[in-house]
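A.B. asks: Provided herewith: query_29.pdb, PDB, C-alpha atoms, pLDDT in the B column.
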ATOM      1  CA  MET A 621      16.929  28.397  53.831  1.00 57.00           C
ATOM      2  CA  SER A 622      18.336  27.008  50.581  1.00 80.00           C
ATOM      3  CA  ARG A 623      16.040  23.982  50.709  1.00 82.00           C
ATOM      4  CA  PRO A 624      12.794  26.024  50.569  1.00 80.00           C
ATOM      5  CA  VAL A 625      14.215  28.157  47.734  1.00 83.00           C
ATOM      6  CA  ALA A 626      15.166  25.045  45.756  1.00 83.00           C
ATOM      7  CA  PHE A 627      11.705  23.591  46.387  1.00 82.00           C
ATOM      8  CA  LEU A 628       9.981  26.775  45.189  1.00 80.00           C
ATOM      9  CA  ALA A 629      12.231  26.924  42.112  1.00 80.00           C
ATOM     10  CA  ALA A 630      11.389  23.296  41.245  1.00 80.00           C
ATOM     11  CA  LEU A 631       7.689  23.963  41.771  1.00 74.00           C
ATOM     12  CA  LEU A 632       7.840  27.021  39.511  1.00 73.00           C
ATOM     13  CA  LEU A 633       9.634  25.069  36.774  1.00 72.00           C
ATOM     14  CA  ALA A 634       7.067  22.258  37.002  1.00 73.00           C
ATOM     15  CA  CYS A 635       4.224  24.754  36.601  1.00 68.00           C
ATOM     16  CA  LEU A 636       5.911  26.335  33.592  1.00 65.00           C
ATOM     17  CA  ALA A 637       6.418  22.932  31.974  1.00 62.00           C
ATOM     18  CA  GLN A 638       2.705  22.148  32.370  1.00 63.00           C
ATOM     19  CA  ALA A 639       1.793  25.403  30.632  1.00 58.00           C
ATOM     20  CA  ALA A 640       4.065  24.794  27.618  1.00 56.00           C
ATOM     21  CA  PRO A 641       2.100  24.598  24.351  1.00 66.00           C
ATOM     22  CA  PHE A 642       3.134  21.143  23.128  1.00 65.00           C
ATOM     23  CA  ALA A 643       1.593  19.938  19.866  1.00 68.00           C
ATOM     24  CA  ASP A 644      -0.293  16.646  19.837  1.00 67.00           C
ATOM     25  CA  PRO A 645       1.859  14.271  17.720  1.00 66.00           C
ATOM     26  CA  THR A 646      -1.173  12.134  16.816  1.00 71.00           C
ATOM     27  CA  GLN A 647      -2.974  14.971  15.043  1.00 66.00           C
ATOM     28  CA  PRO A 648      -2.629  15.321  11.263  1.00 61.00           C
ATOM     29  CA  PRO A 649      -0.464  18.202  10.093  1.00 57.00           C
ATOM     30  CA  ALA A 650      -2.150  21.574  10.023  1.00 57.00           C
ATOM     31  CA  THR A 651      -3.166  22.495   6.503  1.00 55.00           C
ATOM     32  CA  SER A 652      -5.070  25.388   5.153  1.00 52.00           C
ATOM     33  CA  ASP A 653      -8.574  24.559   3.968  1.00 53.00           C
ATOM     34  CA  VAL A 654      -8.636  27.735   1.902  1.00 54.00           C
ATOM     35  CA  ASP A 655      -8.257  27.504  -1.877  1.00 56.00           C
ATOM     36  CA  VAL A 656      -5.559  30.028  -2.749  1.00 56.00           C
ATOM     37  CA  SER A 657      -6.974  30.747  -6.213  1.00 58.00           C
ATOM     38  CA  THR A 658     -10.516  31.567  -5.033  1.00 55.00           C
ATOM     39  CA  GLY A 659      -9.992  32.461  -1.373  1.00 53.00           C
ATOM     40  CA  ARG A 660     -12.874  30.135  -0.382  1.00 50.00           C
ATOM     41  CA  LEU A 661     -12.936  26.943   1.635  1.00 52.00           C
ATOM     42  CA  ALA A 662     -11.577  24.047  -0.404  1.00 66.00           C
ATOM     43  CA  GLY A 663     -14.433  21.699   0.536  1.00 80.00           C
ATOM     44  CA  PRO A 664     -14.588  18.264   2.150  1.00 87.00           C
ATOM     45  CA  ARG A 665     -11.344  16.358   2.673  1.00 89.00           C
ATOM     46  CA  ILE A 666     -10.816  12.643   3.306  1.00 92.00           C
ATOM     47  CA  GLU A 667      -8.814  11.979   6.447  1.00 92.00           C
ATOM     48  CA  SER A 668      -9.007   8.174   6.513  1.00 94.00           C
ATOM     49  CA  ILE A 669     -10.770   5.176   4.996  1.00 95.00           C
ATOM     50  CA  LEU A 670     -11.510   1.828   6.687  1.00 95.00           C
ATOM     51  CA  ILE A 671     -12.435  -1.222   4.630  1.00 94.00           C
ATOM     52  CA  ALA A 672     -13.423  -4.323   6.577  1.00 94.00           C
ATOM     53  CA  PRO A 673     -15.319  -7.476   5.550  1.00 94.00           C
ATOM     54  CA  ASP A 674     -18.477  -6.218   7.251  1.00 94.00           C
ATOM     55  CA  ARG A 675     -18.248  -2.430   6.703  1.00 93.00           C
ATOM     56  CA  ARG A 676     -16.783   0.454   4.759  1.00 94.00           C
ATOM     57  CA  LEU A 677     -16.377   3.835   6.372  1.00 95.00           C
ATOM     58  CA  ALA A 678     -14.470   7.054   5.866  1.00 96.00           C
ATOM     59  CA  VAL A 679     -13.672  10.128   7.894  1.00 95.00           C
ATOM     60  CA  ILE A 680     -14.385  13.251   5.844  1.00 93.00           C
ATOM     61  CA  SER A 681     -13.513  16.607   7.419  1.00 89.00           C
ATOM     62  CA  GLY A 682     -13.764  15.031  10.876  1.00 91.00           C
ATOM     63  CA  GLN A 683     -17.132  13.339  10.240  1.00 93.00           C
ATOM     64  CA  GLN A 684     -17.384   9.517  10.154  1.00 95.00           C
ATOM     65  CA  VAL A 685     -19.509   8.425   7.177  1.00 96.00           C
ATOM     66  CA  THR A 686     -20.701   5.215   5.524  1.00 96.00           C
ATOM     67  CA  VAL A 687     -22.404   4.588   2.196  1.00 96.00           C
ATOM     68  CA  GLY A 688     -25.731   6.424   2.343  1.00 95.00           C
ATOM     69  CA  SER A 689     -24.524   9.030   4.864  1.00 95.00           C
ATOM     70  CA  ARG A 690     -24.604  12.731   4.023  1.00 94.00           C
ATOM     71  CA  VAL A 691     -21.682  15.143   3.850  1.00 93.00           C
ATOM     72  CA  GLY A 692     -23.210  18.589   3.676  1.00 90.00           C
ATOM     73  CA  SER A 693     -25.879  18.365   0.979  1.00 92.00           C
ATOM     74  CA  ALA A 694     -24.250  15.393  -0.818  1.00 94.00           C
ATOM     75  CA  ALA A 695     -24.779  11.688  -0.209  1.00 96.00           C
ATOM     76  CA  VAL A 696     -21.964   9.125  -0.007  1.00 96.00           C
ATOM     77  CA  VAL A 697     -22.521   6.666  -2.862  1.00 97.00           C
ATOM     78  CA  ARG A 698     -19.262   4.677  -2.901  1.00 96.00           C
ATOM     79  CA  ILE A 699     -16.220   4.101  -0.680  1.00 96.00           C
ATOM     80  CA  THR A 700     -13.122   2.394  -2.092  1.00 95.00           C
ATOM     81  CA  GLU A 701      -9.619   1.907  -0.703  1.00 94.00           C
ATOM     82  CA  THR A 702      -8.463   5.280  -2.047  1.00 92.00           C
ATOM     83  CA  GLU A 703     -11.535   7.420  -2.708  1.00 94.00           C
ATOM     84  CA  VAL A 704     -15.063   8.379  -1.723  1.00 96.00           C
ATOM     85  CA  VAL A 705     -17.720   9.364  -4.253  1.00 96.00           C
ATOM     86  CA  LEU A 706     -20.351  11.927  -3.234  1.00 96.00           C
ATOM     87  CA  ARG A 707     -23.529  12.710  -5.184  1.00 96.00           C
ATOM     88  CA  GLY A 708     -25.263  16.032  -4.740  1.00 93.00           C
ATOM     89  CA  ALA A 709     -27.267  18.596  -6.685  1.00 92.00           C
ATOM     90  CA  GLU A 710     -24.104  19.561  -8.607  1.00 90.00           C
ATOM     91  CA  GLY A 711     -23.464  15.953  -9.675  1.00 94.00           C
ATOM     92  CA  GLU A 712     -20.858  13.452  -8.532  1.00 94.00           C
ATOM     93  CA  GLN A 713     -17.692  14.515  -6.731  1.00 93.00           C
ATOM     94  CA  THR A 714     -14.784  12.129  -6.169  1.00 93.00           C
ATOM     95  CA  LEU A 715     -12.643  12.770  -3.105  1.00 93.00           C
ATOM     96  CA  ARG A 716      -9.243  11.074  -3.170  1.00 92.00           C
ATOM     97  CA  LEU A 717      -7.342  10.007  -0.062  1.00 87.00           C
ATOM     98  CA  PHE A 718      -4.069  11.049  -1.723  1.00 83.00           C
ATOM     99  CA  PRO A 719      -5.062  13.783  -4.187  1.00 74.00           C
ATOM    100  CA  GLU A 720      -1.446  14.636  -5.011  1.00 69.00           C
ATOM    101  CA  LEU A 721      -0.904  11.131  -6.415  1.00 64.00           C
ATOM    102  CA  SER A 722      -2.267  10.273  -9.810  1.00 60.00           C
ATOM    103  CA  ARG A 723      -1.944   7.121 -11.833  1.00 61.00           C
ATOM    104  CA  SER A 724      -0.044   7.268 -15.069  1.00 64.00           C
ATOM    105  CA  ALA A 725       0.567   4.549 -17.580  1.00 63.00           C
ATOM    106  CA  VAL A 726       4.081   3.151 -17.660  1.00 66.00           C
ATOM    107  CA  ALA A 727       5.334   1.772 -20.964  1.00 66.00           C
ATOM    108  CA  PRO A 728       6.623  -1.791 -20.643  1.00 70.00           C
ATOM    109  CA  ALA A 729      10.348  -2.278 -21.173  1.00 68.00           C
ATOM    110  CA  LYS A 730      11.384  -3.476 -24.618  1.00 71.00           C
ATOM    111  CA  LYS A 731      12.515  -7.072 -24.814  1.00 70.00           C
ATOM    112  CA  GLY A 732      16.238  -7.567 -24.805  1.00 64.00           C
ATOM    113  CA  THR A 733      17.083  -4.180 -23.313  1.00 58.00           C
ATOM    114  CA  SER A 734      18.229  -3.571 -19.806  1.00 57.00           C
ATOM    115  CA  LYS A 735      19.201  -0.535 -17.836  1.00 54.00           C
TER     116      LYS A 735
END
Since I need it in another form, could you write the structure as structure tokens?

C.D. replies:
Amino acid sequence: MSRPVAFLAALLLACLAQAAPFADPTQPPATSDVDVSTGRLAGPRIESILIAPDRRLAVISGQQVTVGSRVGSAAVVRITETEVVLRGAEGEQTLRLFPELSRSAVAPAKKGTSK
């Protein structure tokens, strides 16, 4: 009698493990697409950029695009290693792959000084 109980317990545990809500580790982290200051959607977001000798493409808000493709009402006019430029009725919009990073000039070290 203990063998059938052990079998049923193992079967129940296996079913519970299958129903567990595991997150997909390959998905990008969940972020809010809502602009806190306005309460509206923040707009298109670059997820990745691929530069190859024969093509340039980007993934913007889940949509694969190339130069000439459309994202909403805007057209993709340029794809570089770190940004995509869109042109629409409102003008040009530059989407950066890493918007939190910005370039800043660094003063060269003075000759004869060391840290």

A.B. asks: Any idea what's packed within 9 Å of stretch 668-674 of chain A, counting all atoms listed in the file, ignoring anything in its chain fewer than 3 positions away? Could you give it as a ChimeraX atom specification?

C.D. replies: /A:677-680,699-704,717

A.B. asks: Point out the residue among A:Gly663, A:Pro728, A:Ala630, A:Leu715 with the least atom-to-atom distance to A:Gly692, counting all atoms listed in the file.

C.D. replies: A:Gly663

A.B. asks: Tell me which residues the PyMOL selection byres ((chain A and resi 696) around 8) grabs here, as an MDAnalysis selection string.

C.D. replies: chainID A and resid 685:691 694:695 697:699 704:707

A.B. asks: As an exercise, work out the distance from atom CA of A:Gly708 to atom CA of A:Glu667 in Å and give it to one decimal place.

C.D. replies: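 Interatomic distance, atom CA of A:Gly708 to atom CA of A:Glu667: 20.3 Å.
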
A.B. asks: Enter the distance from atom CA of A:Ala709 to atom CA of A:Arg675, in Å, rounded to one decimal.

C.D. replies: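 Taking atom CA of A:Ala709 as the start and atom CA of A:Arg675 as the end point, the length is 26.5 Å.
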
A.B. asks: Measuring atom to atom with all atoms listed in the file, identify which of A:Lys731, A:Thr714, A:Val625, A:Leu633 is nearest to A:Ile666.

C.D. replies: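 Smallest separation from A:Ile666 among the options: A:Thr714.
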
A.B. asks: Using atom CA of A:Ser681 and atom CA of A:Arg665 as the two end points, give the distance in Å to one decimal.

C.D. replies: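 Between these atoms lies a distance of 5.2 Å.
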